[in-house]
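Undergrad: Below is model37.txt; it holds compact mmCIF, C-alpha atoms.
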```
# COMPACT_ATOMS: atom_id res chain seq x y z
CA MET A 1 0.00 0.00 0.00
CA ASN A 2 1.47 3.33 -1.01
CA SER A 3 1.49 6.41 1.18
CA LEU A 4 -1.34 8.18 -0.68
CA ASN A 5 -3.68 5.20 -0.26
CA ALA A 6 -2.71 5.00 3.41
CA ILE A 7 -3.55 8.68 3.91
CA LEU A 8 -6.89 8.34 2.07
CA THR A 9 -7.79 5.27 4.09
CA GLY A 10 -6.89 7.12 7.28
CA ILE A 11 -9.14 10.04 6.30
CA LYS A 12 -12.02 7.65 5.54
CA ASP A 13 -11.63 6.04 8.94
CA ILE A 14 -11.62 9.46 10.63
CA TRP A 15 -14.73 10.49 8.71
CA ALA A 16 -16.48 7.27 9.64
CA HIS A 17 -16.05 8.13 13.34
CA LYS A 18 -16.37 11.91 13.23
CA PHE A 19 -17.22 12.67 16.84
CA ARG A 20 -14.68 10.23 18.27
CA SER A 21 -11.99 11.61 15.96
CA PHE A 22 -12.82 15.20 16.96
CA LEU A 23 -12.49 14.37 20.65
CA THR A 24 -9.19 12.66 19.86
CA MET A 25 -7.93 15.71 18.01
CA LEU A 26 -9.12 18.17 20.67
CA GLY A 27 -5.91 17.91 22.68
CA ILE A 28 -3.85 18.64 19.56
CA ILE A 29 -6.16 21.52 18.60
CA LEU A 30 -5.82 23.15 22.02
CA GLY A 31 -2.09 22.52 22.15
CA VAL A 32 -1.43 24.05 18.73
CA ALA A 33 -3.73 27.01 19.43
CA SER A 34 -1.99 27.68 22.75
CA LEU A 35 1.47 27.34 21.19
CA VAL A 36 0.73 29.70 18.30
CA GLY A 37 -1.19 32.08 20.57
CA MET A 38 1.66 32.21 23.09
CA ALA A 39 4.17 32.88 20.31
CA ALA A 40 1.92 35.67 19.03
CA ILE A 41 1.66 37.27 22.48
CA VAL A 42 5.42 37.11 23.00
CA LYS A 43 6.00 38.66 19.56
CA GLY A 44 3.67 41.51 20.50
CA MET A 45 5.62 42.03 23.74
CA GLU A 46 8.88 42.04 21.80
CA ASN A 47 7.55 44.64 19.36
CA GLY A 48 6.50 46.88 22.25
CA MET A 49 9.87 46.65 23.99
CA LYS A 50 11.83 47.35 20.81
CA GLU A 51 9.46 50.20 19.97
CA ALA A 52 10.33 51.87 23.28
CA MET A 53 14.06 51.29 22.76
CA ILE A 54 13.95 52.87 19.31
CA ALA A 55 12.01 55.83 20.74
CA MET A 56 14.94 56.56 23.07
CA GLY A 57 17.42 56.87 20.20
CA GLY A 58 17.98 53.46 18.62
CA ALA A 59 20.67 50.82 18.86
CA ASP A 60 23.45 53.08 17.52
CA LYS A 61 23.17 55.53 20.43
CA VAL A 62 25.94 55.54 23.04
CA LEU A 63 25.86 57.41 26.35
CA LEU A 64 29.08 58.87 27.74
CA ARG A 65 28.80 58.52 31.52
CA ASP A 66 30.86 59.73 34.47
CA GLN A 67 32.43 57.10 36.67
CA PRO A 68 34.70 57.11 39.73
CA VAL A 69 38.36 56.99 38.81
CA PRO A 70 39.91 53.48 39.03
CA PRO A 71 41.78 52.58 42.23
CA TYR A 72 45.20 53.09 40.67
CA GLN A 73 44.25 56.72 39.86
CA GLU A 74 42.61 57.66 43.17
CA HIS A 75 45.33 60.23 43.79
CA LEU A 76 44.12 62.07 40.66
CA ALA A 77 40.43 62.11 41.62
CA ASP A 78 40.42 65.84 42.40
CA GLU A 79 41.84 66.58 38.95
CA ALA A 80 39.14 64.65 37.03
CA PRO A 81 37.64 67.17 34.59
CA GLY A 82 34.32 65.42 33.95
CA ARG A 83 32.44 65.89 30.67
CA THR A 84 33.00 69.29 29.11
CA MET A 85 32.73 71.04 25.75
CA VAL A 86 36.41 70.28 25.22
CA ASP A 87 35.42 66.61 24.92
CA VAL A 88 32.66 67.48 22.46
CA MET A 89 34.96 69.45 20.17
CA ALA A 90 37.68 66.80 20.33
CA LEU A 91 35.26 63.99 19.48
CA ARG A 92 33.82 65.94 16.54
CA SER A 93 37.23 66.62 15.08
CA SER A 94 39.21 63.47 15.93
CA ALA A 95 36.75 60.55 16.00
CA PRO A 96 35.54 59.92 12.42
CA LEU A 97 33.81 56.67 13.41
CA VAL A 98 31.46 58.76 15.59
CA ARG A 99 29.01 60.48 13.25
CA LEU A 100 27.10 62.57 15.81
CA VAL A 101 27.97 64.19 19.13
CA SER A 102 25.25 65.85 21.23
CA PRO A 103 26.15 67.76 24.42
CA GLU A 104 23.45 68.29 27.05
CA MET A 105 23.22 70.53 30.10
CA ALA A 106 20.29 69.62 32.32
CA LEU A 107 18.44 71.71 34.89
CA GLU A 108 17.24 69.97 38.04
CA ASN A 109 14.08 70.68 40.07
CA VAL A 110 12.30 72.40 37.21
CA VAL A 111 8.73 73.70 37.23
CA LEU A 112 7.04 75.21 34.17
CA THR A 113 4.18 77.61 34.87
CA ARG A 114 1.59 79.54 32.89
CA ALA A 115 -0.99 81.58 34.75
CA GLU A 116 -2.31 79.24 37.47
CA LYS A 117 -1.18 76.04 35.82
CA SER A 118 2.13 74.25 36.39
CA VAL A 119 3.84 71.05 35.29
CA VAL A 120 7.04 69.22 36.17
CA PRO A 121 8.76 68.08 32.95
CA SER A 122 10.54 64.78 32.56
CA GLU A 123 13.67 66.72 31.60
CA CYS A 124 14.62 70.33 30.91
CA VAL A 125 17.83 70.30 28.89
CA GLY A 126 20.01 72.75 27.02
CA VAL A 127 21.00 71.15 23.71
CA TRP A 128 22.35 71.63 20.23
CA PRO A 129 20.20 70.86 17.17
CA ALA A 130 22.03 67.49 17.05
CA ALA A 131 19.69 66.38 19.86
CA LEU A 132 16.87 66.03 17.31
CA ASP A 133 18.67 63.26 15.43
CA MET A 134 20.21 61.82 18.58
CA ASN A 135 16.91 61.30 20.39
CA LEU A 136 14.76 60.86 17.25
CA HIS A 137 12.65 63.96 17.91
CA THR A 138 10.44 65.56 15.26
CA VAL A 139 9.26 69.18 15.42
CA GLY A 140 5.56 69.08 14.56
CA HIS A 141 4.84 72.82 14.81
CA GLY A 142 7.06 75.89 14.76
CA ARG A 143 10.84 75.57 14.54
CA PHE A 144 13.89 74.41 16.41
CA PHE A 145 16.76 76.58 17.59
CA ASN A 146 19.11 78.26 15.14
CA ASP A 147 22.66 79.60 15.41
CA LEU A 148 21.37 83.08 16.35
CA ASP A 149 19.39 81.68 19.28
CA GLU A 150 22.52 79.91 20.48
CA GLU A 151 24.79 82.91 20.04
CA LEU A 152 22.43 85.37 21.76
CA ALA A 153 21.34 82.89 24.46
CA SER A 154 17.74 83.63 23.49
CA SER A 155 14.94 82.83 25.92
CA VAL A 156 13.21 80.35 23.65
CA CYS A 157 12.15 76.75 24.16
CA VAL A 158 10.68 73.75 22.36
CA ILE A 159 8.19 71.67 24.34
CA GLY A 160 6.54 68.26 24.09
CA THR A 161 2.81 67.70 23.70
CA GLY A 162 2.46 66.56 27.32
CA ILE A 163 3.66 69.99 28.47
CA ARG A 164 1.20 71.62 26.05
CA ASP A 165 -1.69 69.50 27.34
CA ASP A 166 -1.05 70.45 30.97
CA LEU A 167 -0.41 74.16 30.44
CA PHE A 168 -2.65 75.04 27.47
CA GLY A 169 -5.24 72.26 27.44
CA SER A 170 -5.39 68.94 25.64
CA PRO A 171 -7.38 68.49 22.39
CA GLU A 172 -9.90 66.36 24.30
CA LYS A 173 -10.70 69.21 26.67
CA THR A 174 -10.58 72.15 24.27
CA GLY A 175 -12.17 70.36 21.31
CA GLN A 176 -9.33 71.39 19.01
CA GLU A 177 -5.56 71.10 18.94
CA THR A 178 -3.87 74.00 20.67
CA ILE A 179 -0.62 75.15 19.06
CA PRO A 180 1.15 77.37 21.60
CA ILE A 181 3.76 78.82 19.23
CA GLY A 182 4.64 82.36 20.38
CA GLU A 183 3.14 81.85 23.85
CA THR A 184 5.16 82.54 27.01
CA VAL A 185 5.84 80.03 29.75
CA ARG A 186 7.97 80.46 32.85
CA ILE A 187 10.78 78.06 33.64
CA ASN A 188 11.62 78.39 37.33
CA GLY A 189 10.17 81.90 37.17
CA GLN A 190 12.03 83.07 34.04
CA PRO A 191 9.96 83.85 30.92
CA PHE A 192 10.58 81.80 27.77
CA THR A 193 8.87 81.97 24.37
CA VAL A 194 7.65 78.71 22.88
CA VAL A 195 9.04 78.57 19.33
CA GLY A 196 8.39 74.90 18.59
CA MET A 197 6.46 71.83 19.70
CA PHE A 198 7.35 68.20 19.09
CA THR A 199 4.92 65.76 17.54
CA ARG A 200 2.97 63.54 19.90
CA TYR A 201 4.88 60.33 20.59
CA GLU A 202 2.90 57.22 21.34
CA GLY A 203 3.42 53.51 21.06
CA GLU A 204 0.84 51.00 19.96
CA GLN A 205 -0.60 50.71 23.47
CA GLU A 206 -1.03 54.48 23.80
CA ARG A 207 -2.66 54.72 20.38
CA LYS A 208 -5.13 51.96 21.21
CA GLN A 209 -5.93 53.56 24.56
CA ARG A 210 -6.59 56.91 22.88
CA GLU A 211 -8.80 55.37 20.19
CA LEU A 212 -10.74 53.41 22.81
CA GLU A 213 -11.37 56.53 24.90
CA GLN A 214 -12.45 58.49 21.84
CA ALA A 215 -14.94 55.76 20.92
CA GLN A 216 -16.49 55.65 24.40
CA PRO A 217 -18.99 58.30 25.56
CA LYS A 218 -17.46 60.83 27.90
CA LYS A 219 -18.47 60.63 31.55
CA LYS A 220 -18.63 63.57 33.88
CA GLU A 221 -16.00 63.31 36.56
CA ALA A 222 -16.69 64.41 40.09
CA GLY A 223 -14.20 66.71 41.75
CA PRO A 224 -11.39 68.71 40.15
CA ALA A 225 -10.08 67.71 36.74
CA ARG A 226 -6.92 65.65 36.79
CA GLN A 227 -4.04 66.55 34.54
CA ARG A 228 -2.58 63.23 33.46
CA GLY A 229 -0.87 63.74 30.14
CA TRP A 230 -0.94 61.25 27.30
CA GLY A 231 2.35 59.58 27.91
CA ARG A 232 1.71 58.43 31.49
CA ARG A 233 -0.88 55.98 30.25
CA GLY A 234 1.70 54.02 28.29
CA GLY A 235 5.39 53.39 28.09
CA TRP A 236 7.90 55.41 30.05
CA ALA A 237 9.93 56.21 26.92
CA PHE A 238 7.04 57.94 25.17
CA TRP A 239 5.94 59.75 28.32
CA ARG A 240 9.44 61.10 28.77
CA LYS A 241 9.62 62.40 25.22
CA ASN A 242 6.20 64.05 25.47
CA TYR A 243 7.23 65.87 28.66
CA THR A 244 10.58 67.13 27.36
CA VAL A 245 11.62 70.79 27.31
CA TYR A 246 14.61 71.83 25.19
CA LEU A 247 16.48 75.14 25.46
CA PRO A 248 19.52 76.35 23.50
CA LEU A 249 22.67 75.07 25.21
CA ASN A 250 24.12 78.56 25.65
CA THR A 251 20.83 79.79 27.12
CA MET A 252 20.90 77.05 29.74
CA TRP A 253 24.48 77.99 30.59
CA VAL A 254 23.94 81.75 30.82
CA LYS A 255 20.57 81.82 32.60
CA PHE A 256 20.78 78.80 34.91
CA ARG A 257 24.19 77.17 35.13
CA SER A 258 26.87 79.87 34.92
CA ALA A 259 26.71 80.60 38.66
CA SER A 260 25.62 77.19 39.88
CA GLY A 261 29.04 75.87 40.85
CA ALA A 262 30.68 75.86 44.25
CA ASN A 263 31.16 79.37 45.68
CA ASN A 264 29.33 80.77 42.61
CA VAL A 265 32.21 79.72 40.36
CA PRO A 266 30.92 78.63 36.92
CA ASP A 267 30.85 74.85 36.50
CA PRO A 268 31.85 73.97 32.92
CA ARG A 269 30.79 70.32 33.16
CA LEU A 270 28.01 68.94 31.00
CA SER A 271 25.21 66.75 32.29
CA ASP A 272 25.48 64.35 29.40
CA ILE A 273 27.25 63.66 26.11
CA ASP A 274 25.50 61.33 23.68
CA LEU A 275 27.16 59.73 20.67
CA LYS A 276 25.97 57.95 17.56
CA VAL A 277 28.35 55.68 15.72
CA ALA A 278 28.65 55.78 11.94
CA ASN A 279 28.26 52.03 11.58
CA LEU A 280 26.78 49.55 14.06
CA GLU A 281 29.14 46.86 12.82
CA LEU A 282 32.06 49.06 13.85
CA MET A 283 30.74 49.77 17.35
CA GLU A 284 33.81 48.48 19.19
CA PRO A 285 36.38 50.33 17.01
CA ALA A 286 34.28 53.52 17.30
CA LEU A 287 34.19 53.27 21.10
CA GLN A 288 37.92 52.60 21.24
CA GLN A 289 38.53 55.62 19.02
CA ALA A 290 36.35 57.81 21.26
CA ARG A 291 38.09 56.46 24.35
CA ASN A 292 41.51 57.35 22.95
CA VAL A 293 40.35 60.91 22.24
CA LEU A 294 38.86 61.32 25.72
CA LEU A 295 41.99 59.99 27.42
CA VAL A 296 43.86 62.87 25.78
CA THR A 297 41.33 65.54 26.81
CA HIS A 298 41.12 64.08 30.34
CA ARG A 299 44.91 63.91 30.65
CA GLY A 300 44.87 60.14 31.06
CA ILE A 301 42.30 60.12 33.87
CA GLU A 302 39.67 57.43 33.26
CA ASP A 303 36.68 59.14 34.88
CA PHE A 304 34.25 58.10 32.13
CA ASN A 305 32.71 55.03 30.56
CA PHE A 306 30.37 54.17 27.70
CA GLN A 307 26.86 52.80 28.00
CA THR A 308 25.45 51.26 24.85
CA GLN A 309 21.98 50.05 23.98
CA GLU A 310 23.35 46.50 23.71
CA ASN A 311 22.59 45.94 27.39
CA GLN A 312 18.97 46.91 26.83
CA ILE A 313 18.76 44.69 23.75
CA GLU A 314 20.20 41.79 25.78
CA ASN A 315 17.61 42.35 28.52
CA ILE A 316 14.81 42.40 25.95
CA ASN A 317 16.09 39.20 24.34
CA LYS A 318 16.42 37.52 27.74
CA GLN A 319 12.84 38.37 28.71
CA ILE A 320 11.57 37.18 25.34
CA ARG A 321 13.51 33.90 25.61
CA ASN A 322 12.12 33.26 29.09
CA ALA A 323 8.56 34.00 27.96
CA ARG A 324 8.92 31.74 24.92
CA LEU A 325 10.43 28.94 26.99
CA SER A 326 7.71 29.00 29.65
CA GLY A 327 4.91 29.30 27.07
CA GLY A 328 6.46 26.59 24.89
CA ILE A 329 6.70 24.16 27.80
CA ILE A 330 3.02 24.66 28.67
CA ALA A 331 1.94 24.22 25.03
CA ALA A 332 4.21 21.17 24.62
CA ILE A 333 2.60 19.51 27.64
CA SER A 334 -0.82 20.10 26.07
CA LEU A 335 0.36 18.54 22.79
CA ILE A 336 1.83 15.53 24.60
CA VAL A 337 -1.50 15.02 26.37
CA GLY A 338 -3.16 15.18 22.94
CA GLY A 339 -0.66 12.58 21.70
CA ILE A 340 -1.59 10.26 24.56
CA GLY A 341 -5.21 10.62 23.48
CA ILE A 342 -4.28 9.68 19.91
CA MET A 343 -2.37 6.61 21.10
CA ASN A 344 -5.30 5.54 23.24
CA ILE A 345 -7.81 5.83 20.41
CA MET A 346 -5.48 4.08 17.96
CA LEU A 347 -5.13 1.12 20.34
CA ALA A 348 -8.89 0.99 20.68
CA SER A 349 -9.25 1.15 16.89
CA ILE A 350 -6.85 -1.77 16.44
CA ASN A 351 -8.81 -3.87 18.91
CA GLU A 352 -11.95 -3.15 16.89
CA ARG A 353 -10.22 -4.09 13.61
CA ILE A 354 -8.22 -7.19 14.65
CA ARG A 355 -10.23 -9.47 12.33
CA GLU A 356 -9.89 -6.93 9.46
CA ILE A 357 -6.10 -6.84 9.97
CA GLY A 358 -6.00 -10.64 10.01
CA ILE A 359 -7.86 -10.82 6.68
CA CYS A 360 -5.46 -8.26 5.15
CA LYS A 361 -2.48 -10.33 6.26
CA ALA A 362 -4.09 -13.55 5.05
CA VAL A 363 -4.51 -12.17 1.52
CA GLY A 364 -0.88 -10.99 1.35
CA ALA A 365 -0.53 -7.70 3.20
CA THR A 366 2.90 -7.39 4.78
CA GLY A 367 3.64 -6.28 8.30
CA LEU A 368 5.25 -3.14 6.89
CA ALA A 369 2.06 -2.25 5.00
CA ILE A 370 -0.04 -2.67 8.16
CA PHE A 371 2.51 -0.66 10.15
CA THR A 372 2.45 2.15 7.56
CA GLN A 373 -1.36 2.20 7.45
CA VAL A 374 -1.77 2.57 11.23
CA LEU A 375 1.06 5.10 11.51
CA MET A 376 -0.41 7.20 8.68
CA GLU A 377 -3.79 7.23 10.41
CA SER A 378 -2.15 8.54 13.57
CA VAL A 379 -0.25 11.25 11.67
CA VAL A 380 -3.37 12.27 9.70
CA VAL A 381 -5.34 12.68 12.95
CA SER A 382 -2.50 14.75 14.41
CA LEU A 383 -2.06 16.98 11.34
CA LEU A 384 -5.80 17.57 10.94
CA GLY A 385 -5.89 18.56 14.59
CA ALA A 386 -2.93 20.87 13.97
CA LEU A 387 -4.67 22.57 11.03
CA LEU A 388 -7.81 23.07 13.11
CA GLY A 389 -5.58 24.38 15.91
CA LEU A 390 -4.01 26.93 13.56
CA ALA A 391 -7.48 28.13 12.60
CA ALA A 392 -8.45 28.28 16.29
CA SER A 393 -5.31 30.31 17.07
CA TYR A 394 -6.59 33.19 14.92
CA GLY A 395 -9.79 33.19 16.96
CA LEU A 396 -7.78 33.05 20.19
CA VAL A 397 -5.66 36.03 19.15
CA ALA A 398 -8.80 37.98 18.16
CA LEU A 399 -10.32 37.15 21.58
CA LEU A 400 -7.19 38.35 23.38
CA ALA A 401 -7.27 41.60 21.39
CA THR A 402 -10.90 42.08 22.45
CA LEU A 403 -10.28 41.33 26.12
CA SER A 404 -7.15 43.54 26.27
CA PRO A 405 -7.71 46.20 23.58
CA THR A 406 -4.99 48.51 24.92
CA GLN A 407 -2.14 46.01 24.90
CA ASN A 408 0.36 45.45 22.11
CA SER A 409 -1.31 43.40 19.39
CA PRO A 410 -0.33 39.71 19.34
CA VAL A 411 1.39 38.87 16.06
CA ILE A 412 1.01 35.38 14.58
CA THR A 413 4.32 34.46 12.98
CA PRO A 414 5.05 31.84 10.29
CA LEU A 415 7.81 30.46 12.51
CA GLY A 416 5.38 29.78 15.35
CA MET A 417 2.94 28.10 12.97
CA GLY A 418 5.69 25.98 11.42
CA ILE A 419 6.97 24.82 14.81
CA ALA A 420 3.42 23.91 15.87
CA LEU A 421 2.89 21.84 12.70
CA LEU A 422 6.22 20.04 13.02
CA PHE A 423 5.70 19.32 16.71
CA SER A 424 2.20 18.00 15.98
CA ALA A 425 3.55 15.71 13.26
CA GLY A 426 6.19 14.45 15.69
CA VAL A 427 3.53 13.82 18.34
CA GLY A 428 1.44 11.92 15.77
CA ILE A 429 4.37 9.73 14.80
CA ALA A 430 5.33 9.05 18.41
CA ALA A 431 1.72 8.30 19.38
CA GLY A 432 1.26 5.93 16.44
CA LEU A 433 4.46 3.88 16.76
CA PHE A 434 3.31 1.51 19.50
CA PRO A 435 -0.16 0.85 18.01
CA ALA A 436 1.40 0.39 14.55
CA LEU A 437 3.94 -2.12 15.87
CA LYS A 438 1.19 -3.96 17.72
CA ALA A 439 -0.92 -4.19 14.55
CA ALA A 440 2.04 -5.22 12.36
CA ASN A 441 2.99 -8.06 14.73
CA LEU A 442 -0.48 -9.60 14.93
CA ASP A 443 -0.62 -13.32 14.09
CA PRO A 444 -3.13 -13.60 11.20
CA ILE A 445 -4.42 -17.00 12.42
CA GLN A 446 -5.13 -15.65 15.89
CA ALA A 447 -6.59 -12.48 14.40
CA LEU A 448 -9.01 -14.40 12.16
CA ARG A 449 -10.32 -16.27 15.22
CA TYR A 450 -11.17 -12.97 16.88
CA GLU A 451 -14.90 -12.16 16.93
```
How does this structure look as structure tokens?
TA:
Amino acid sequence: MNSLNAILTGIKDIWAHKFRSFLTMLGIILGVASLVGMAAIVKGMENGMKEAMIAMGGADKVLLRDQPVPPYQEHLADEAPGRTMVDVMALRSSAPLVRLVSPEMALENVVLTRAEKSVVPSECVGVWPAALDMNLHTVGHGRFFNDLDEELASSVCVIGTGIRDDLFGSPEKTGQETIPIGETVRINGQPFTVVGMFTRYEGEQERKQRELEQAQPKKKEAGPARQRGWGRRGGWAFWRKNYTVYLPLNTMWVKFRSASGANNVPDPRLSDIDLKVANLELMEPALQQARNVLLVTHRGIEDFNFQTQENQIENINKQIRNARLSGGIIAAISLIVGGIGIMNIMLASINERIREIGICKAVGATGLAIFTQVLMESVVVSLLGALLGLAASYGLVALLATLSPTQNSPVITPLGMGIALLFSAGVGIAAGLFPALKAANLDPIQALRYE
């Protein structure tokens, strides 16, 4: 008997016992659906994590951090210069593998006010225009700083939409989008003109939450209105970008930092220096090149280190691996249980067909043909269950999206479907081996006596 005939015979036997076959396949259906569904959920989680990482600048971003001097240089600790504009200029001129250098000077304990309203930003930073590319910002309205603003230390700022919502009103409250270009806000009491506003940053979860709230009828809230801001409802990365305030670097220095050092002596140190390498594949050579430059500007004192996004990528991959492993084990157990069900029903089927098997052997069927027939029936049951499980997985994913409409969408992947099919085929083969061997080894004389 060839394989095609064995498959067709197996399908006929399944069709002849439809309800029994469905119950047999149910374990495989649930196992495959859970395996594909779990893979889809994990893929959605992975997309959300990587979305947040990209929002903070991407994989090619490197942070230059301060660090305590190593033990062998403790006697030089008082001479450590920290991060200064000297480093920025040296990196721009002497580190060709670094394509972008962005200095930052941050202001702590900041409050922005307008009339009776106030908001605490996630960060208030003096920057160069390079910060737009470095942190993947986009100016949605107005403009960014120019060379004249930097030279004159102009009192201008660019704000995020979260700041706009809290100080000028969100589109949901005002009924239209407020564009505060030309308006005045006070930063720690000093007046600044808003010359630009970033676009609203939101991940998939934030977008779904917003669309869900827009679709629902508004309810009147008791008590004073709460100022929440869009970003707080979702990922930290998007909230931070929406509550950012940028000033020209020179403005930050002149108006806030020039007399902030000890004994009112100007402190030339920067809060941060961010780098972007020209080529991700040359990350290590680029960092070594930057390190050599900084050792010159710091007179050999190693009071700095580099923090790359690789650590964050490794953490994301570790979490995803753990989620896949735990979900895969649960789904595999379900498939194994389904395989036990297939083996049980195949043994019962052989007991029902002992006389039929004996007749087949008596008229010339070989043990191999009987073995192949029974094994094919087991595999057909398993694969049909797998196909039904794949169809059920789409319904499961749709149900999850309905129950948790604000979460990252599960994504069904071809890899997850392929693994489920292969594992189901393996379960079918394993479940059919013992019944097939039992049928192939039946004595035809004893089988023909069976009633």
Undergrad: Determine the nearest neighbour of Arg353 in chain A from the options A:Thr413, A:Leu442, A:Ala106, A:Leu421, counting all atoms listed in the file.
TA: A:Leu442
Undergrad: Identify which of the residues A:Leu76, A:Ala33, A:Glu108, A:Gln288 lies closest to Ala95 in chain A, counting all atoms listed in the file when measuring atom-to-atom distances.
TA: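 Residue with the minimum atom-to-atom distance to Ala95 in chain A: A:Gln288.
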Undergrad: By how many Å are CA of Leu64 in chain A and CA of Val111 in chain A apart?
TA: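 Computing it gives 26.9 Å between the two atoms.
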Undergrad: Name all residues at most 8 Å from range 172-186 of chain A (count only C-alpha atoms; drop same-chain ones fewer than 6 positions away) and give them as number ranges by chain.
TA: A: 112-114, 141-142, 164, 192-197
Undergrad: Figure out the distance between CA of Arg269 in chain A and CA of Thr84 in chain A, please, to one decimal in Å.
TA: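 CA of Arg269 in chain A lies 4.7 Å from CA of Thr84 in chain A.
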Undergrad: Which residues, protein or nucleic acid, reach to within 12 Å of (1.6, 23.0, 9.9) in the file's coordinates when using only C-alpha atoms, and can you give that as a ChimeraX atom specification?
TA: /A:28-29,32-33,36,380,382-391,414-426
Undergrad: If I take CA of Ile342 in chain A and CA of Ala392 in chain A, how far is one from the other in Å, to one decimal?
TA: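 We find that CA of Ile342 in chain A and CA of Ala392 in chain A lie 19.4 Å from each other.
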Undergrad: Quick one: of A:Ser393, A:Ile340, A:Gly432, A:Glu79, who's nearest to Leu375 in chain A, counting all atoms listed in the file?
TA: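 Under the stated criterion, the closest residue is A:Gly432.
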Undergrad: List every protein, DNA or RNA residue with an atom no more than 9 Å from (3.7, 40.7, 19.7) in the file's coordinates, counting all atoms listed in the file, and format the result as a list of chain:residue names.
TA: A:Ala39, A:Ala40, A:Ile41, A:Val42, A:Lys43, A:Gly44, A:Met45, A:Glu46, A:Asn47, A:Gly48, A:Asn408, A:Ser409, A:Pro410, A:Val411, A:Ile412
Undergrad: Between A:Arg321, A:Lys117, A:Lys438, A:His75, which has the minimum distance to Gly367 in chain A (counting only C-alpha atoms)?
TA: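 Of A:Arg321, A:Lys117, A:Lys438, A:His75, the one nearest Gly367 in chain A, counting only C-alpha atoms, is A:Lys438.
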Undergrad: Counting all atoms listed in the file, figure out which residue out of A:Leu26, A:Val293, A:Ile350, A:Ile187 gets nearest to Val86 in chain A.
TA: A:Val293
Undergrad: So, with all atoms listed in the file as the atoms that count, which of A:Trp128, A:Tyr72, A:Phe306, A:Phe434 lies closest to Met346 in chain A?
TA: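 Ranking A:Trp128, A:Tyr72, A:Phe306, A:Phe434 by distance to Met346 in chain A, first place goes to A:Phe434.
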Undergrad: Tell me, as a list in words, which residues lie within 12 Å of Arg92 in chain A, counting only C-alpha atoms; anything in the same chain fewer than 4 positions away does not count.
TA: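 Everything that qualifies: Met85, Val86, Asp87, Val88, Pro96, Leu97, Val98, Arg99, Leu100, Val101, Ser102, Pro103, Ala130, Ile273, Asp274, Leu275, Lys276, Val277, Gln289, Ala290, Val293 and Leu294 of chain A.
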